[in-house]
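Listing of final-v8.cif, mmCIF, N, CA and C atoms
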data_data
loop_
_atom_site.label_atom_id
_atom_site.label_comp_id
_atom_site.auth_asym_id
_atom_site.auth_seq_id
_atom_site.Cartn_x
_atom_site.Cartn_y
_atom_site.Cartn_z
N MET A 1050 -26.55 -4.51 -8.59
CA MET A 1050 -25.23 -4.88 -9.05
C MET A 1050 -24.41 -5.33 -7.84
N LYS A 1051 -23.73 -6.44 -7.98
CA LYS A 1051 -22.91 -7.01 -6.93
C LYS A 1051 -21.74 -6.08 -6.60
N SER A 1052 -21.45 -5.91 -5.30
CA SER A 1052 -20.34 -5.04 -4.90
C SER A 1052 -19.71 -5.59 -3.62
N TYR A 1053 -18.51 -5.10 -3.31
CA TYR A 1053 -17.80 -5.51 -2.10
C TYR A 1053 -18.04 -4.45 -1.04
N PRO A 1054 -18.74 -4.80 0.06
CA PRO A 1054 -19.04 -3.81 1.09
C PRO A 1054 -17.89 -3.67 2.09
N ILE A 1055 -17.59 -2.45 2.46
CA ILE A 1055 -16.61 -2.19 3.52
C ILE A 1055 -17.18 -1.13 4.45
N THR A 1056 -16.70 -1.16 5.69
CA THR A 1056 -17.05 -0.13 6.65
C THR A 1056 -15.76 0.55 7.06
N VAL A 1057 -15.74 1.86 6.91
CA VAL A 1057 -14.57 2.66 7.27
C VAL A 1057 -15.03 3.67 8.30
N GLY A 1058 -14.56 3.47 9.53
CA GLY A 1058 -15.10 4.30 10.61
C GLY A 1058 -16.57 3.96 10.76
N LYS A 1059 -17.42 4.97 10.64
CA LYS A 1059 -18.86 4.75 10.75
C LYS A 1059 -19.54 4.72 9.38
N GLU A 1060 -18.76 4.96 8.33
CA GLU A 1060 -19.34 5.00 6.98
C GLU A 1060 -19.24 3.66 6.27
N LYS A 1061 -20.24 3.38 5.48
CA LYS A 1061 -20.26 2.16 4.69
C LYS A 1061 -20.07 2.53 3.22
N PHE A 1062 -19.29 1.72 2.52
CA PHE A 1062 -19.04 1.92 1.10
C PHE A 1062 -19.24 0.61 0.37
N LYS A 1063 -19.59 0.73 -0.90
CA LYS A 1063 -19.70 -0.43 -1.78
C LYS A 1063 -18.69 -0.22 -2.90
N LEU A 1064 -17.91 -1.26 -3.17
CA LEU A 1064 -16.86 -1.16 -4.19
C LEU A 1064 -17.10 -2.18 -5.30
N ARG A 1065 -16.93 -1.72 -6.53
CA ARG A 1065 -17.11 -2.61 -7.69
C ARG A 1065 -16.32 -2.03 -8.86
N ILE A 1066 -15.60 -2.89 -9.55
CA ILE A 1066 -14.92 -2.48 -10.78
C ILE A 1066 -15.78 -3.01 -11.93
N THR A 1067 -16.42 -2.11 -12.63
CA THR A 1067 -17.26 -2.50 -13.76
C THR A 1067 -16.40 -2.65 -15.02
N ALA A 1068 -17.05 -3.09 -16.08
CA ALA A 1068 -16.34 -3.19 -17.37
C ALA A 1068 -15.81 -1.81 -17.77
N GLN A 1069 -16.62 -0.77 -17.56
CA GLN A 1069 -16.17 0.59 -17.88
C GLN A 1069 -15.01 0.99 -16.98
N GLY A 1070 -15.08 0.62 -15.72
CA GLY A 1070 -13.98 0.91 -14.79
C GLY A 1070 -12.68 0.25 -15.25
N GLN A 1071 -12.79 -0.99 -15.73
CA GLN A 1071 -11.61 -1.67 -16.26
C GLN A 1071 -11.05 -0.95 -17.48
N LYS A 1072 -11.94 -0.51 -18.36
CA LYS A 1072 -11.49 0.25 -19.54
C LYS A 1072 -10.78 1.53 -19.12
N ASN A 1073 -11.34 2.21 -18.12
CA ASN A 1073 -10.74 3.46 -17.64
C ASN A 1073 -9.33 3.21 -17.09
N LEU A 1074 -9.16 2.14 -16.33
CA LEU A 1074 -7.83 1.82 -15.78
C LEU A 1074 -6.83 1.50 -16.89
N ILE A 1075 -7.29 0.75 -17.89
CA ILE A 1075 -6.42 0.41 -19.02
C ILE A 1075 -6.04 1.67 -19.78
N GLN A 1076 -7.01 2.55 -20.01
CA GLN A 1076 -6.74 3.79 -20.73
C GLN A 1076 -5.76 4.67 -19.97
N GLU A 1077 -5.92 4.77 -18.65
CA GLU A 1077 -5.07 5.64 -17.84
C GLU A 1077 -3.68 5.06 -17.60
N HIS A 1078 -3.60 3.74 -17.40
CA HIS A 1078 -2.34 3.12 -17.00
C HIS A 1078 -1.73 2.19 -18.05
N GLU A 1079 -2.50 1.90 -19.10
CA GLU A 1079 -2.08 0.93 -20.12
C GLU A 1079 -1.80 -0.44 -19.50
N LYS A 1080 -2.58 -0.76 -18.47
CA LYS A 1080 -2.48 -2.04 -17.78
C LYS A 1080 -3.88 -2.48 -17.37
N THR A 1081 -4.06 -3.79 -17.30
CA THR A 1081 -5.32 -4.34 -16.81
C THR A 1081 -5.34 -4.23 -15.28
N PHE A 1082 -6.50 -4.49 -14.70
CA PHE A 1082 -6.62 -4.52 -13.24
C PHE A 1082 -5.57 -5.47 -12.65
N PHE A 1083 -5.47 -6.65 -13.24
CA PHE A 1083 -4.52 -7.66 -12.78
C PHE A 1083 -3.09 -7.13 -12.78
N GLY A 1084 -2.69 -6.50 -13.88
CA GLY A 1084 -1.34 -5.93 -13.98
C GLY A 1084 -1.13 -4.78 -13.02
N LEU A 1085 -2.14 -3.97 -12.87
CA LEU A 1085 -2.04 -2.81 -11.98
C LEU A 1085 -1.93 -3.24 -10.52
N VAL A 1086 -2.70 -4.24 -10.13
CA VAL A 1086 -2.62 -4.75 -8.77
C VAL A 1086 -1.25 -5.38 -8.54
N SER A 1087 -0.75 -6.12 -9.52
CA SER A 1087 0.57 -6.74 -9.40
C SER A 1087 1.66 -5.70 -9.15
N GLU A 1088 1.57 -4.58 -9.84
CA GLU A 1088 2.55 -3.51 -9.71
C GLU A 1088 2.36 -2.68 -8.45
N SER A 1089 1.19 -2.75 -7.87
CA SER A 1089 0.83 -1.86 -6.77
C SER A 1089 0.90 -2.52 -5.41
N MET A 1090 1.74 -3.51 -5.26
CA MET A 1090 1.83 -4.20 -3.98
C MET A 1090 2.52 -3.36 -2.92
N GLU A 1091 3.18 -2.30 -3.33
CA GLU A 1091 3.83 -1.46 -2.33
C GLU A 1091 2.83 -0.48 -1.75
N PRO A 1092 3.04 -0.06 -0.53
CA PRO A 1092 2.08 0.84 0.13
C PRO A 1092 1.86 2.15 -0.62
N GLY A 1093 0.58 2.50 -0.70
CA GLY A 1093 0.24 3.80 -1.27
C GLY A 1093 0.47 3.91 -2.75
N GLY A 1094 0.59 2.79 -3.44
CA GLY A 1094 0.81 2.83 -4.88
C GLY A 1094 -0.30 3.59 -5.58
N VAL A 1095 0.08 4.35 -6.59
CA VAL A 1095 -0.90 5.15 -7.34
C VAL A 1095 -1.98 4.26 -7.93
N GLY A 1096 -1.60 3.07 -8.36
CA GLY A 1096 -2.57 2.15 -8.92
C GLY A 1096 -3.68 1.81 -7.96
N ILE A 1097 -3.33 1.62 -6.70
CA ILE A 1097 -4.33 1.30 -5.68
C ILE A 1097 -5.33 2.45 -5.53
N ILE A 1098 -4.82 3.67 -5.53
CA ILE A 1098 -5.69 4.85 -5.40
C ILE A 1098 -6.65 4.92 -6.60
N ASP A 1099 -6.13 4.71 -7.81
CA ASP A 1099 -6.97 4.77 -9.00
C ASP A 1099 -7.98 3.63 -9.04
N ILE A 1100 -7.59 2.46 -8.56
CA ILE A 1100 -8.54 1.35 -8.48
C ILE A 1100 -9.66 1.71 -7.50
N LEU A 1101 -9.30 2.29 -6.37
CA LEU A 1101 -10.33 2.69 -5.40
C LEU A 1101 -11.28 3.72 -6.00
N THR A 1102 -10.73 4.67 -6.77
CA THR A 1102 -11.58 5.68 -7.41
C THR A 1102 -12.59 5.01 -8.34
N GLU A 1103 -12.10 4.10 -9.18
CA GLU A 1103 -13.02 3.40 -10.10
C GLU A 1103 -14.03 2.58 -9.32
N ALA A 1104 -13.59 1.92 -8.25
CA ALA A 1104 -14.47 1.04 -7.48
C ALA A 1104 -15.57 1.82 -6.76
N LEU A 1105 -15.32 3.07 -6.44
CA LEU A 1105 -16.32 3.89 -5.76
C LEU A 1105 -17.39 4.42 -6.71
N ASN A 1106 -17.10 4.43 -8.01
CA ASN A 1106 -17.93 5.17 -8.96
C ASN A 1106 -18.72 4.32 -9.93
N PHE A 1107 -19.11 3.12 -9.53
CA PHE A 1107 -19.91 2.31 -10.43
C PHE A 1107 -21.34 2.87 -10.49
N LYS A 1108 -22.00 2.60 -11.60
CA LYS A 1108 -23.35 3.13 -11.84
C LYS A 1108 -24.33 2.66 -10.76
N GLY A 1109 -25.06 3.61 -10.19
CA GLY A 1109 -26.08 3.31 -9.20
C GLY A 1109 -25.56 3.17 -7.77
N ASN A 1110 -24.31 3.55 -7.55
CA ASN A 1110 -23.76 3.45 -6.18
C ASN A 1110 -24.34 4.55 -5.31
N ASP A 1111 -24.26 4.33 -4.01
CA ASP A 1111 -24.71 5.36 -3.06
C ASP A 1111 -23.57 5.77 -2.12
N ASN A 1112 -22.35 5.67 -2.61
CA ASN A 1112 -21.18 6.04 -1.81
C ASN A 1112 -21.15 7.55 -1.58
N SER A 1113 -20.79 7.94 -0.37
CA SER A 1113 -20.70 9.37 -0.04
C SER A 1113 -19.38 9.97 -0.50
N VAL A 1114 -18.45 9.13 -0.90
CA VAL A 1114 -17.14 9.55 -1.37
C VAL A 1114 -16.94 8.98 -2.77
N SER A 1115 -16.35 9.77 -3.66
CA SER A 1115 -16.12 9.27 -5.02
C SER A 1115 -14.64 9.31 -5.41
N ASP A 1116 -13.80 9.76 -4.50
CA ASP A 1116 -12.38 9.93 -4.80
C ASP A 1116 -11.55 8.88 -4.05
N GLY A 1117 -10.72 8.13 -4.78
CA GLY A 1117 -9.88 7.10 -4.16
C GLY A 1117 -8.91 7.65 -3.14
N ASP A 1118 -8.37 8.84 -3.39
CA ASP A 1118 -7.47 9.47 -2.42
C ASP A 1118 -8.18 9.68 -1.09
N GLU A 1119 -9.40 10.17 -1.16
CA GLU A 1119 -10.16 10.44 0.06
C GLU A 1119 -10.49 9.14 0.80
N LEU A 1120 -10.91 8.11 0.06
CA LEU A 1120 -11.20 6.84 0.70
C LEU A 1120 -9.94 6.26 1.33
N TYR A 1121 -8.84 6.33 0.63
CA TYR A 1121 -7.56 5.82 1.15
C TYR A 1121 -7.22 6.51 2.48
N ASP A 1122 -7.33 7.83 2.51
CA ASP A 1122 -7.03 8.58 3.74
C ASP A 1122 -8.01 8.21 4.86
N LEU A 1123 -9.28 8.05 4.53
CA LEU A 1123 -10.26 7.62 5.53
C LEU A 1123 -9.91 6.24 6.09
N MET A 1124 -9.46 5.36 5.21
CA MET A 1124 -9.08 4.01 5.63
C MET A 1124 -7.89 4.07 6.59
N ILE A 1125 -6.90 4.87 6.25
CA ILE A 1125 -5.73 5.02 7.12
C ILE A 1125 -6.16 5.57 8.47
N ASP A 1126 -6.99 6.62 8.45
CA ASP A 1126 -7.46 7.23 9.71
C ASP A 1126 -8.27 6.25 10.55
N ALA A 1127 -8.95 5.31 9.89
CA ALA A 1127 -9.76 4.32 10.60
C ALA A 1127 -8.94 3.12 11.08
N GLY A 1128 -7.63 3.15 10.81
CA GLY A 1128 -6.77 2.09 11.32
C GLY A 1128 -6.46 0.98 10.33
N TYR A 1129 -6.85 1.14 9.08
CA TYR A 1129 -6.50 0.15 8.07
C TYR A 1129 -4.99 0.21 7.87
N ASP A 1130 -4.34 -0.94 7.84
CA ASP A 1130 -2.93 -0.95 7.47
C ASP A 1130 -2.83 -1.26 5.97
N GLN A 1131 -1.63 -1.23 5.43
CA GLN A 1131 -1.45 -1.43 3.99
C GLN A 1131 -1.94 -2.81 3.54
N GLU A 1132 -1.74 -3.79 4.39
CA GLU A 1132 -2.17 -5.15 4.04
C GLU A 1132 -3.70 -5.21 3.92
N LYS A 1133 -4.40 -4.54 4.82
CA LYS A 1133 -5.87 -4.55 4.78
C LYS A 1133 -6.39 -3.75 3.58
N ILE A 1134 -5.71 -2.67 3.23
CA ILE A 1134 -6.11 -1.89 2.05
C ILE A 1134 -5.91 -2.74 0.80
N PHE A 1135 -4.77 -3.41 0.71
CA PHE A 1135 -4.50 -4.25 -0.45
C PHE A 1135 -5.53 -5.38 -0.53
N LYS A 1136 -5.85 -5.97 0.61
CA LYS A 1136 -6.86 -7.04 0.63
C LYS A 1136 -8.20 -6.51 0.14
N THR A 1137 -8.56 -5.30 0.53
CA THR A 1137 -9.82 -4.69 0.08
C THR A 1137 -9.85 -4.57 -1.44
N VAL A 1138 -8.74 -4.14 -2.02
CA VAL A 1138 -8.66 -4.01 -3.48
C VAL A 1138 -8.77 -5.38 -4.15
N VAL A 1139 -8.07 -6.37 -3.61
CA VAL A 1139 -8.11 -7.72 -4.18
C VAL A 1139 -9.53 -8.30 -4.06
N GLU A 1140 -10.15 -8.14 -2.90
CA GLU A 1140 -11.51 -8.66 -2.72
C GLU A 1140 -12.51 -7.94 -3.63
N THR A 1141 -12.26 -6.67 -3.89
CA THR A 1141 -13.11 -5.93 -4.83
C THR A 1141 -12.97 -6.54 -6.23
N GLY A 1142 -11.75 -6.85 -6.61
CA GLY A 1142 -11.52 -7.50 -7.90
C GLY A 1142 -12.20 -8.85 -7.99
N LYS A 1143 -12.17 -9.60 -6.90
CA LYS A 1143 -12.82 -10.91 -6.87
C LYS A 1143 -14.33 -10.75 -6.99
N THR A 1144 -14.90 -9.85 -6.19
CA THR A 1144 -16.34 -9.63 -6.23
C THR A 1144 -16.79 -9.14 -7.60
N SER A 1145 -15.92 -8.39 -8.27
CA SER A 1145 -16.24 -7.82 -9.58
C SER A 1145 -16.04 -8.82 -10.72
N GLY A 1146 -15.60 -10.03 -10.40
CA GLY A 1146 -15.42 -11.06 -11.41
C GLY A 1146 -14.11 -10.96 -12.18
N ILE A 1147 -13.21 -10.12 -11.74
CA ILE A 1147 -11.92 -9.94 -12.43
C ILE A 1147 -10.92 -10.99 -11.97
N LEU A 1148 -10.94 -11.32 -10.70
CA LEU A 1148 -10.05 -12.32 -10.13
C LEU A 1148 -10.85 -13.51 -9.64
N SER A 1149 -10.30 -14.69 -9.84
CA SER A 1149 -10.91 -15.89 -9.26
C SER A 1149 -10.54 -15.96 -7.79
N GLU A 1150 -11.18 -16.85 -7.06
CA GLU A 1150 -10.85 -17.06 -5.65
C GLU A 1150 -9.37 -17.44 -5.52
N LYS A 1151 -8.92 -18.32 -6.38
CA LYS A 1151 -7.52 -18.79 -6.33
C LYS A 1151 -6.55 -17.65 -6.62
N GLU A 1152 -6.86 -16.82 -7.62
CA GLU A 1152 -5.98 -15.68 -7.94
C GLU A 1152 -5.94 -14.67 -6.79
N ALA A 1153 -7.09 -14.42 -6.19
CA ALA A 1153 -7.15 -13.48 -5.06
C ALA A 1153 -6.30 -13.99 -3.90
N GLN A 1154 -6.43 -15.27 -3.58
CA GLN A 1154 -5.64 -15.85 -2.49
C GLN A 1154 -4.15 -15.83 -2.81
N THR A 1155 -3.80 -16.05 -4.07
CA THR A 1155 -2.39 -16.00 -4.48
C THR A 1155 -1.84 -14.60 -4.29
N PHE A 1156 -2.57 -13.58 -4.73
CA PHE A 1156 -2.14 -12.19 -4.54
C PHE A 1156 -1.88 -11.91 -3.06
N LEU A 1157 -2.82 -12.29 -2.23
CA LEU A 1157 -2.71 -12.00 -0.80
C LEU A 1157 -1.54 -12.75 -0.16
N ARG A 1158 -1.37 -14.01 -0.55
CA ARG A 1158 -0.27 -14.82 0.00
C ARG A 1158 1.09 -14.28 -0.42
N VAL A 1159 1.24 -13.97 -1.71
CA VAL A 1159 2.51 -13.46 -2.22
C VAL A 1159 2.84 -12.11 -1.59
N THR A 1160 1.85 -11.24 -1.47
CA THR A 1160 2.08 -9.93 -0.86
C THR A 1160 2.55 -10.08 0.58
N LYS A 1161 1.92 -10.97 1.32
CA LYS A 1161 2.31 -11.21 2.71
C LYS A 1161 3.74 -11.74 2.79
N GLN A 1162 4.09 -12.66 1.88
CA GLN A 1162 5.44 -13.23 1.86
C GLN A 1162 6.49 -12.19 1.51
N VAL A 1163 6.19 -11.36 0.51
CA VAL A 1163 7.13 -10.32 0.11
C VAL A 1163 7.34 -9.34 1.26
N LYS A 1164 6.25 -8.90 1.86
CA LYS A 1164 6.34 -7.95 2.98
C LYS A 1164 7.12 -8.57 4.13
N SER A 1165 6.82 -9.81 4.45
CA SER A 1165 7.51 -10.50 5.53
C SER A 1165 9.00 -10.62 5.23
N GLY A 1166 9.35 -10.96 3.99
CA GLY A 1166 10.75 -11.09 3.59
C GLY A 1166 11.50 -9.77 3.69
N VAL A 1167 10.86 -8.70 3.27
CA VAL A 1167 11.48 -7.37 3.33
C VAL A 1167 11.75 -6.99 4.78
N PHE A 1168 10.77 -7.19 5.64
CA PHE A 1168 10.94 -6.81 7.04
C PHE A 1168 11.93 -7.73 7.75
N GLN A 1169 12.00 -8.98 7.34
CA GLN A 1169 12.98 -9.87 7.93
C GLN A 1169 14.39 -9.39 7.59
N LYS A 1170 14.60 -8.98 6.34
CA LYS A 1170 15.91 -8.45 5.94
C LYS A 1170 16.24 -7.16 6.68
N LEU A 1171 15.24 -6.30 6.87
CA LEU A 1171 15.46 -5.07 7.63
C LEU A 1171 15.84 -5.38 9.08
N GLU A 1172 15.15 -6.35 9.67
CA GLU A 1172 15.47 -6.72 11.05
C GLU A 1172 16.88 -7.30 11.15
N GLU A 1173 17.27 -8.13 10.16
CA GLU A 1173 18.62 -8.69 10.16
C GLU A 1173 19.65 -7.58 10.02
N ALA A 1174 19.39 -6.63 9.16
CA ALA A 1174 20.32 -5.51 8.97
C ALA A 1174 20.41 -4.68 10.26
N ALA A 1175 19.28 -4.47 10.91
CA ALA A 1175 19.29 -3.71 12.17
C ALA A 1175 20.09 -4.46 13.23
N ASP A 1176 19.92 -5.78 13.28
CA ASP A 1176 20.69 -6.58 14.24
C ASP A 1176 22.18 -6.50 13.94
N ASP A 1177 22.54 -6.53 12.66
CA ASP A 1177 23.95 -6.44 12.26
C ASP A 1177 24.54 -5.09 12.65
N LEU A 1178 23.72 -4.06 12.58
CA LEU A 1178 24.19 -2.71 12.89
C LEU A 1178 24.22 -2.42 14.39
N ALA A 1179 23.48 -3.18 15.14
CA ALA A 1179 23.43 -2.94 16.59
C ALA A 1179 24.83 -3.07 17.18
N GLY A 1180 25.20 -2.10 17.93
CA GLY A 1180 26.50 -2.11 18.57
C GLY A 1180 27.62 -1.55 17.72
N THR A 1181 27.39 -1.41 16.42
CA THR A 1181 28.45 -0.86 15.57
C THR A 1181 28.43 0.65 15.56
N GLU A 1182 27.34 1.22 16.05
CA GLU A 1182 27.23 2.68 16.03
C GLU A 1182 28.36 3.32 16.82
N GLU A 1183 28.67 2.77 17.98
CA GLU A 1183 29.73 3.35 18.80
C GLU A 1183 31.09 3.17 18.15
N LYS A 1184 31.30 2.03 17.50
CA LYS A 1184 32.58 1.76 16.84
C LYS A 1184 32.79 2.66 15.63
N ASP A 1185 31.70 2.91 14.90
CA ASP A 1185 31.81 3.66 13.65
C ASP A 1185 31.89 5.16 13.84
N VAL A 1186 31.46 5.64 14.98
CA VAL A 1186 31.47 7.07 15.21
C VAL A 1186 32.90 7.51 15.49
N GLU A 1187 33.36 8.42 14.69
CA GLU A 1187 34.71 8.93 14.89
C GLU A 1187 34.72 9.83 16.10
N LYS A 1188 35.67 9.54 16.95
CA LYS A 1188 35.80 10.40 18.13
C LYS A 1188 36.64 11.60 17.74
N GLU A 1189 36.22 12.71 18.28
CA GLU A 1189 36.96 13.93 18.01
C GLU A 1189 38.31 13.83 18.71
N PRO A 1190 39.41 14.15 18.00
CA PRO A 1190 40.71 14.04 18.65
C PRO A 1190 40.79 14.98 19.84
N GLU A 1191 41.50 14.48 20.84
CA GLU A 1191 41.65 15.31 22.04
C GLU A 1191 42.47 16.53 21.70
N LYS A 1192 42.05 17.64 22.23
CA LYS A 1192 42.75 18.89 21.95
C LYS A 1192 44.02 18.93 22.78
N THR A 1193 45.07 19.35 22.13
CA THR A 1193 46.32 19.53 22.87
C THR A 1193 46.41 20.97 23.28
N PRO A 1194 46.95 21.17 24.45
CA PRO A 1194 47.03 22.58 24.87
C PRO A 1194 47.94 23.33 23.91
N SER A 1195 47.48 24.48 23.52
CA SER A 1195 48.29 25.28 22.59
C SER A 1195 49.31 26.08 23.37
N GLU A 1196 50.42 26.25 22.72
CA GLU A 1196 51.49 27.01 23.36
C GLU A 1196 51.33 28.46 22.96
N PRO A 1197 51.71 29.35 23.88
CA PRO A 1197 51.57 30.76 23.54
C PRO A 1197 52.50 31.11 22.37
N VAL A 1198 52.00 31.99 21.55
CA VAL A 1198 52.78 32.45 20.40
C VAL A 1198 53.18 33.88 20.62
N ASP A 1199 54.46 34.15 20.34
CA ASP A 1199 54.94 35.54 20.45
C ASP A 1199 54.66 36.27 19.16
N ASP A 1200 54.16 37.44 19.25
CA ASP A 1200 53.91 38.25 18.05
C ASP A 1200 55.06 39.07 17.69
#
Mind turning this structure into structure tokens?
Amino acid sequence: MKSYPITVGKEKFKLRITAQGQKNLIQEHEKTFFGLVSESMEPGGVGIIDILTEALNFKGNDNSVSDGDELYDLMIDAGYDQEKIFKTVVETGKTSGILSEKEAQTFLRVTKQVKSGVFQKLEEAADDLAGTEEKDVEKEPEKTPSEPVDD
């Protein structure tokens, strides 16, 4: 059975979303692979973890890991960033016949643009805030010497 091979650290895994895997995702999330990937463009999305779980568990696999959470953590520990994890999921969908080459490239391009746009806005906001920290911080009023009070 055709699968998408990845190497995480020193371990090799094969990923494939079978017809049964697609049914499982629809049953659990009430969304197709396509819909779930669309919704899971943010880092660490639950959909991505569940897709990884299904992709690890196709019939006849020899993966040493069967849990998407565990694979996700291994990927992070091995230096995968969110973009590379998302690409792995998209490529798995393509290899599994769920996404065409064009659809896979569109997912990857849009995700990169969205991420870039978000970080550009964050950088602009950080630039706008630079130097305002000192202005915005209220200075404690200077204490005036208190006069002695007679009891």
| request: Report as a PyMOL selection string the residues that result from applying the PyMOL selection byres ((chain A and resi 1145) around 8) to the structure here. | output: chain A and resi 1051-1053+1064-1068+1139-1144+1146-1148
| So which residues get picked by the PyMOL selection byres ((chain A and resi 1116) around 8) here, written as a list in words? |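 Selected by the PyMOL selection byres ((chain A and resi 1116) around 8) here: Ile1098, Asp1099, Leu1101, Thr1102, Glu1103, Leu1105, Asn1106, Ser1113, Val1114, Ser1115, Gly1117, Asp1118, Glu1119, Leu1120, Tyr1121 and Asp1122 of chain A.
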| atom C of A:Gln1154 to atom C of A:Val1095, distance in Å rounded to a single decimal | 20.8 Å
| Interatomic distance, atom N of A:Gly1058 to atom CA of A:Ala1127 (Å, one decimal) |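 A separation of 5.0 Å between them.
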| field | Point-to-point distance in Å for atom C of A:Leu1157 and atom CA of A:Lys1136 | value | 7.8 Å
